[in-house]
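Structure file input37.txt (compact mmCIF, C-alpha atoms) is printed below.
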```txt
# COMPACT_ATOMS: atom_id res chain seq x y z
CA MET Q 25 0.00 0.00 0.00
CA LYS Q 26 2.84 2.40 0.78
CA ARG Q 27 4.32 1.87 -2.68
CA LYS Q 28 0.89 2.40 -4.20
CA PHE Q 29 0.43 5.76 -2.49
CA ALA Q 30 3.92 6.85 -3.46
CA ILE Q 31 3.01 6.15 -7.08
CA ILE Q 32 -0.33 7.96 -7.06
CA LEU Q 33 1.31 11.08 -5.66
CA ALA Q 34 3.51 11.46 -8.71
CA CYS Q 35 2.91 14.91 -10.25
CA ILE Q 36 0.85 15.45 -13.33
CA MET Q 37 2.74 15.14 -16.57
CA VAL Q 38 3.22 18.44 -18.31
CA VAL Q 39 1.32 18.46 -21.59
CA GLY Q 40 2.75 20.77 -24.20
CA VAL Q 41 1.01 22.02 -27.32
CA LEU Q 42 3.54 22.14 -30.12
CA GLY Q 43 3.89 25.48 -31.83
CA GLY Q 44 4.92 26.01 -35.41
CA CYS Q 45 8.54 26.87 -36.11
CA GLY Q 46 9.59 30.23 -37.46
CA ASN Q 47 12.47 32.65 -37.70
CA SER Q 48 11.42 34.65 -34.62
CA PHE Q 49 10.88 31.73 -32.29
CA ASP Q 50 11.14 32.77 -28.61
CA ALA Q 51 12.06 29.60 -26.73
CA SER Q 52 11.78 31.20 -23.29
CA ALA Q 53 8.33 32.63 -23.95
CA TYR Q 54 7.24 29.34 -25.49
CA LEU Q 55 8.30 27.31 -22.44
CA LYS Q 56 6.74 29.79 -20.05
CA ALA Q 57 3.47 29.54 -21.97
CA LEU Q 58 3.49 25.75 -21.63
CA LEU Q 59 4.36 25.79 -17.93
CA ASP Q 60 1.89 28.53 -17.04
CA ASN Q 61 -0.92 26.61 -18.72
CA SER Q 62 0.05 23.29 -17.15
CA TYR Q 63 0.69 24.52 -13.63
CA LYS Q 64 -1.15 27.82 -13.21
CA ASN Q 65 -4.10 27.16 -15.53
CA ASP Q 66 -3.10 30.42 -17.25
CA SER Q 67 -3.48 30.15 -21.00
CA SER Q 68 -2.99 33.85 -21.80
CA GLN Q 69 0.50 33.50 -23.26
CA LEU Q 70 -0.32 30.22 -24.96
CA VAL Q 71 -3.21 31.93 -26.73
CA SER Q 72 -1.36 35.16 -27.53
CA MET Q 73 1.44 33.17 -29.17
CA LYS Q 74 -1.22 31.34 -31.20
CA ILE Q 75 -0.03 27.99 -29.94
CA ALA Q 76 -3.55 27.01 -28.86
CA THR Q 77 -6.99 28.46 -28.42
CA ALA Q 78 -8.31 29.14 -24.94
CA GLU Q 79 -10.59 26.13 -25.29
CA GLU Q 80 -7.74 23.84 -26.35
CA ALA Q 81 -5.54 25.09 -23.50
CA ALA Q 82 -8.31 24.47 -20.96
CA GLU Q 83 -8.78 20.97 -22.31
CA ILE Q 84 -5.06 20.25 -21.94
CA TYR Q 85 -5.10 21.45 -18.35
CA GLU Q 86 -8.21 19.43 -17.48
CA GLU Q 87 -6.77 16.31 -19.08
CA GLY Q 88 -3.78 16.62 -16.78
CA LEU Q 89 -5.97 16.80 -13.69
CA ASP Q 90 -8.13 13.94 -14.96
CA ALA Q 91 -5.03 11.79 -15.41
CA GLU Q 92 -4.01 12.37 -11.81
CA VAL Q 93 -7.48 11.57 -10.49
CA LYS Q 94 -7.48 8.43 -12.63
CA GLU Q 95 -4.41 7.23 -10.73
CA ILE Q 96 -6.20 7.77 -7.44
CA ALA Q 97 -9.27 5.95 -8.74
CA SER Q 98 -7.14 3.05 -9.97
CA ALA Q 99 -5.57 2.63 -6.53
CA ALA Q 100 -8.87 3.00 -4.69
CA GLY Q 101 -10.95 0.88 -7.05
CA SER Q 102 -13.28 3.75 -7.85
CA LEU Q 103 -14.10 7.29 -6.85
CA SER Q 104 -17.46 8.95 -6.65
CA ALA Q 105 -18.06 11.98 -8.84
CA GLU Q 106 -17.85 14.14 -5.73
CA GLN Q 107 -14.53 12.60 -4.69
CA GLU Q 108 -13.12 13.14 -8.18
CA GLU Q 109 -13.98 16.82 -8.07
CA GLU Q 110 -12.51 17.20 -4.58
CA TYR Q 111 -9.24 15.63 -5.66
CA LYS Q 112 -9.09 17.73 -8.81
CA LYS Q 113 -9.42 20.87 -6.73
CA VAL Q 114 -6.65 19.80 -4.35
CA PHE Q 115 -4.25 18.91 -7.16
CA ALA Q 116 -5.08 22.15 -8.97
CA ASP Q 117 -4.13 24.03 -5.81
CA VAL Q 118 -0.87 22.07 -5.55
CA LEU Q 119 0.07 22.81 -9.14
CA ALA Q 120 -0.79 26.48 -8.77
CA GLY Q 121 1.68 26.69 -5.89
CA ALA Q 122 4.67 25.76 -8.04
CA LYS Q 123 7.35 28.47 -7.95
CA TYR Q 124 9.41 28.86 -11.10
CA THR Q 125 10.91 31.56 -13.29
CA VAL Q 126 11.73 30.89 -16.92
CA GLY Q 127 15.05 32.47 -17.79
CA ASP Q 128 17.09 32.99 -20.91
CA ALA Q 129 17.37 30.55 -23.78
CA GLU Q 130 20.74 29.66 -25.27
CA LYS Q 131 20.81 28.60 -28.89
CA GLN Q 132 22.83 25.46 -29.52
CA ASP Q 133 25.02 24.54 -32.47
CA ASP Q 134 22.33 22.13 -33.71
CA GLY Q 135 19.72 24.91 -33.81
CA SER Q 136 17.96 23.81 -30.62
CA TYR Q 137 17.56 25.94 -27.51
CA VAL Q 138 18.33 25.22 -23.87
CA VAL Q 139 16.16 27.22 -21.48
CA THR Q 140 17.08 27.72 -17.83
CA VAL Q 141 14.31 27.45 -15.25
CA THR Q 142 14.85 28.69 -11.71
CA TYR Q 143 12.57 27.00 -9.19
CA GLU Q 144 11.98 26.69 -5.46
CA GLN Q 145 10.93 23.18 -4.51
CA MET Q 146 7.52 23.15 -2.87
CA ASN Q 147 7.35 21.18 0.39
CA VAL Q 148 3.79 19.91 0.36
CA PHE Q 149 3.68 16.14 -0.10
CA GLU Q 150 6.18 15.10 2.59
CA PRO Q 151 4.34 16.82 5.47
CA ALA Q 152 1.07 15.57 4.01
CA MET Q 153 2.35 11.99 4.02
CA VAL Q 154 3.61 12.29 7.60
CA SER Q 155 0.18 13.54 8.70
CA TYR Q 156 -1.57 10.90 6.60
CA MET Q 157 0.47 8.00 8.00
CA ASP Q 158 -0.05 9.20 11.57
CA ALA Q 159 -3.79 9.25 10.94
CA VAL Q 160 -3.73 5.80 9.33
CA ILE Q 161 -1.82 4.27 12.23
CA ALA Q 162 -4.13 5.82 14.81
CA GLN Q 163 -7.29 4.81 12.97
CA SER Q 164 -6.06 1.29 12.27
CA THR Q 165 -5.30 0.80 15.93
CA GLU Q 166 -8.78 1.99 16.83
CA TRP Q 167 -10.40 -0.41 14.36
CA GLN Q 168 -8.25 -3.32 15.54
CA ASN Q 169 -9.14 -2.71 19.17
CA ALA Q 170 -12.81 -2.50 18.28
CA ALA Q 171 -12.61 -5.82 16.45
CA LEU Q 172 -10.84 -7.48 19.38
CA ASN Q 173 -13.59 -6.24 21.70
CA GLY Q 174 -16.30 -7.60 19.44
CA GLU Q 175 -17.45 -4.15 18.44
CA ALA Q 176 -18.63 -3.18 14.97
CA VAL Q 177 -15.96 -2.03 12.50
CA PRO Q 178 -16.42 -0.33 9.12
CA SER Q 179 -16.80 -2.37 5.97
CA ASP Q 180 -13.96 -2.55 3.44
CA ASP Q 181 -15.71 0.06 1.30
CA GLU Q 182 -16.13 2.36 4.28
CA MET Q 183 -12.48 1.96 5.19
CA MET Q 184 -11.43 2.80 1.63
CA ASP Q 185 -13.65 5.89 1.66
CA TRP Q 186 -11.91 6.95 4.87
CA ILE Q 187 -8.49 6.41 3.29
CA ILE Q 188 -9.45 8.39 0.17
CA THR Q 189 -10.80 11.27 2.21
CA THR Q 190 -7.93 11.31 4.69
CA LEU Q 191 -5.28 11.37 1.96
CA LYS Q 192 -7.03 14.24 0.22
CA ASP Q 193 -7.52 16.15 3.48
CA SER Q 194 -3.87 15.65 4.44
CA ILE Q 195 -2.69 17.24 1.19
CA ALA Q 196 -5.22 20.06 1.49
CA GLU Q 197 -4.12 20.76 5.07
CA SER Q 198 -0.45 20.74 4.07
CA LEU Q 199 -1.20 23.41 1.47
CA LYS Q 200 -2.12 25.82 4.26
CA SER Q 201 1.47 26.00 5.54
CA VAL Q 202 3.64 25.30 2.52
CA THR Q 203 7.34 26.12 2.62
CA TYR Q 204 9.84 26.33 -0.22
CA ASP Q 205 13.50 25.40 -0.54
CA GLU Q 206 16.22 27.74 -1.75
CA PRO Q 207 16.22 28.51 -5.50
CA GLN Q 208 17.84 26.00 -7.82
CA THR Q 209 18.00 25.67 -11.59
CA ALA Q 210 17.08 23.11 -14.19
CA THR Q 211 17.12 23.21 -17.98
CA VAL Q 212 14.71 22.25 -20.74
CA LYS Q 213 15.90 21.58 -24.27
CA ILE Q 214 13.58 22.64 -27.09
CA SER Q 215 14.30 21.40 -30.59
CA ILE Q 216 12.53 20.95 -33.89
CA VAL Q 217 10.91 17.53 -34.29
CA ASN Q 218 8.81 16.87 -37.37
CA ASN Q 219 8.86 20.58 -38.18
CA VAL Q 220 7.52 21.73 -34.81
CA TRP Q 221 9.29 23.09 -31.74
CA THR Q 222 9.21 20.32 -29.16
CA PRO Q 223 10.38 20.46 -25.51
CA SER Q 224 12.30 17.47 -24.23
CA THR Q 225 9.91 15.04 -22.55
CA SER Q 226 12.56 13.93 -20.07
CA ASP Q 227 13.39 17.53 -19.16
CA LEU Q 228 9.72 18.31 -18.55
CA ALA Q 229 9.41 15.17 -16.44
CA ASN Q 230 12.41 16.32 -14.42
CA LEU Q 231 10.67 19.62 -13.70
CA GLU Q 232 7.76 17.69 -12.25
CA GLU Q 233 10.17 15.89 -9.94
CA VAL Q 234 12.05 18.97 -8.74
CA PHE Q 235 9.13 21.39 -8.41
CA PHE Q 236 7.66 19.26 -5.60
CA ASP Q 237 9.05 17.20 -2.71
CA LEU Q 238 8.14 13.83 -4.15
CA ASP Q 239 11.34 12.07 -3.07
CA ASP Q 240 10.86 13.20 0.51
CA ALA Q 241 7.21 12.12 0.37
CA SER Q 242 8.22 8.66 -0.83
CA ALA Q 243 10.77 8.39 1.98
CA ALA Q 244 8.09 9.30 4.51
CA LEU Q 245 6.07 6.32 3.36
CA GLN Q 246 8.87 3.83 3.97
```
Please render this file's structure as structure tokens.
Amino acid sequence: MKRKFAIILACIMVVGVLGGCGNSFDASAYLKALLDNSYKNDSSQLVSMKIATAEEAAEIYEEGLDAEVKEIASAAGSLSAEQEEEYKKVFADVLAGAKYTVGDAEKQDDGSYVVTVTYEQMNVFEPAMVSYMDAVIAQSTEWQNAALNGEAVPSDDEMMDWIITTLKDSIAESLKSVTYDEPQTATVKISIVNNVWTPSTSDLANLEEVFFDLDDASAALQ
């Protein structure tokens, strides 16, 4: 179960709309547009650069949240419509809290660009997991004692509902007192693939890892 929760807390994959290539391509602005839409739900730059319409940008953002909720649902067996919406709101709040600044782009000899991103890692999942595990241990002990005393205990479905709600509440509570680490930098390479400017998938995935305290959260579940 611990491994399962570590997996479902992986951050949403950044989804990038690929813009057409041209002589005046601004790699920094392009990356900022992608990140702002994916993390902040801000499509203004994406739309102004004519990379996507407002409707397309909103769909990309919602698909990211849906993918995260799908992971929760897969681990839990199913989620009610209400639970799905509650989780989407929590994850939207987490993403919105990401702190990053897109810096200059350096053109490479092969025509690609390397863009520097300065970020401050958000400490939200590790404290949430500590609180969550404390709650799980306390509640499990209470249920075990009740069973030993011949008292009624919740059904499996009721226990799963409690787990789903407690995990969500732990993350939401952690958001109220978020701290950030000192600024660090990462880079994203953007190159032309099939005649469109395409950010490196592995570099975007790395941003997901460093923007949030996922490693510390996983360690807290050990």
_Under the rule that only C-alpha atoms are counted, which of Q:Leu70, Q:Ala105, Q:Val114, Q:Ile216 is the nearest residue to Ile195 of chain Q?_
Q:Val114
*Go ahead and compute the interatomic distance for atom CA of Val71 of chain Q and atom CA of Trp221 of chain Q, in Å to one decimal.*
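The value is 16.1 Å.
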*atom CA of Asn61 of chain Q to atom CA of Ala82 of chain Q: how many Å, to one decimal?*
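Separation of atom CA of Asn61 of chain Q and atom CA of Ala82 of chain Q: 8.0 Å.
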*Could you tell me how far atom CA of Ala91 of chain Q lies from atom CA of Tyr204 of chain Q, in Å and to one decimal?*
25.8 Å
*Contact residues around segment 124-126 of chain Q with all atoms listed in the file at 10 Å, ignoring same-chain residues under 6 positions, as a PyMOL selection string*: chain Q and resi 51-57+59-60+139-145+207-212+231+235
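Here the question is which of Q:Glu86, Q:Asp181, Q:Asp134, Q:Asp128 gets nearest to Phe115 of chain Q using all atoms listed in the file, and that residue is Q:Glu86.
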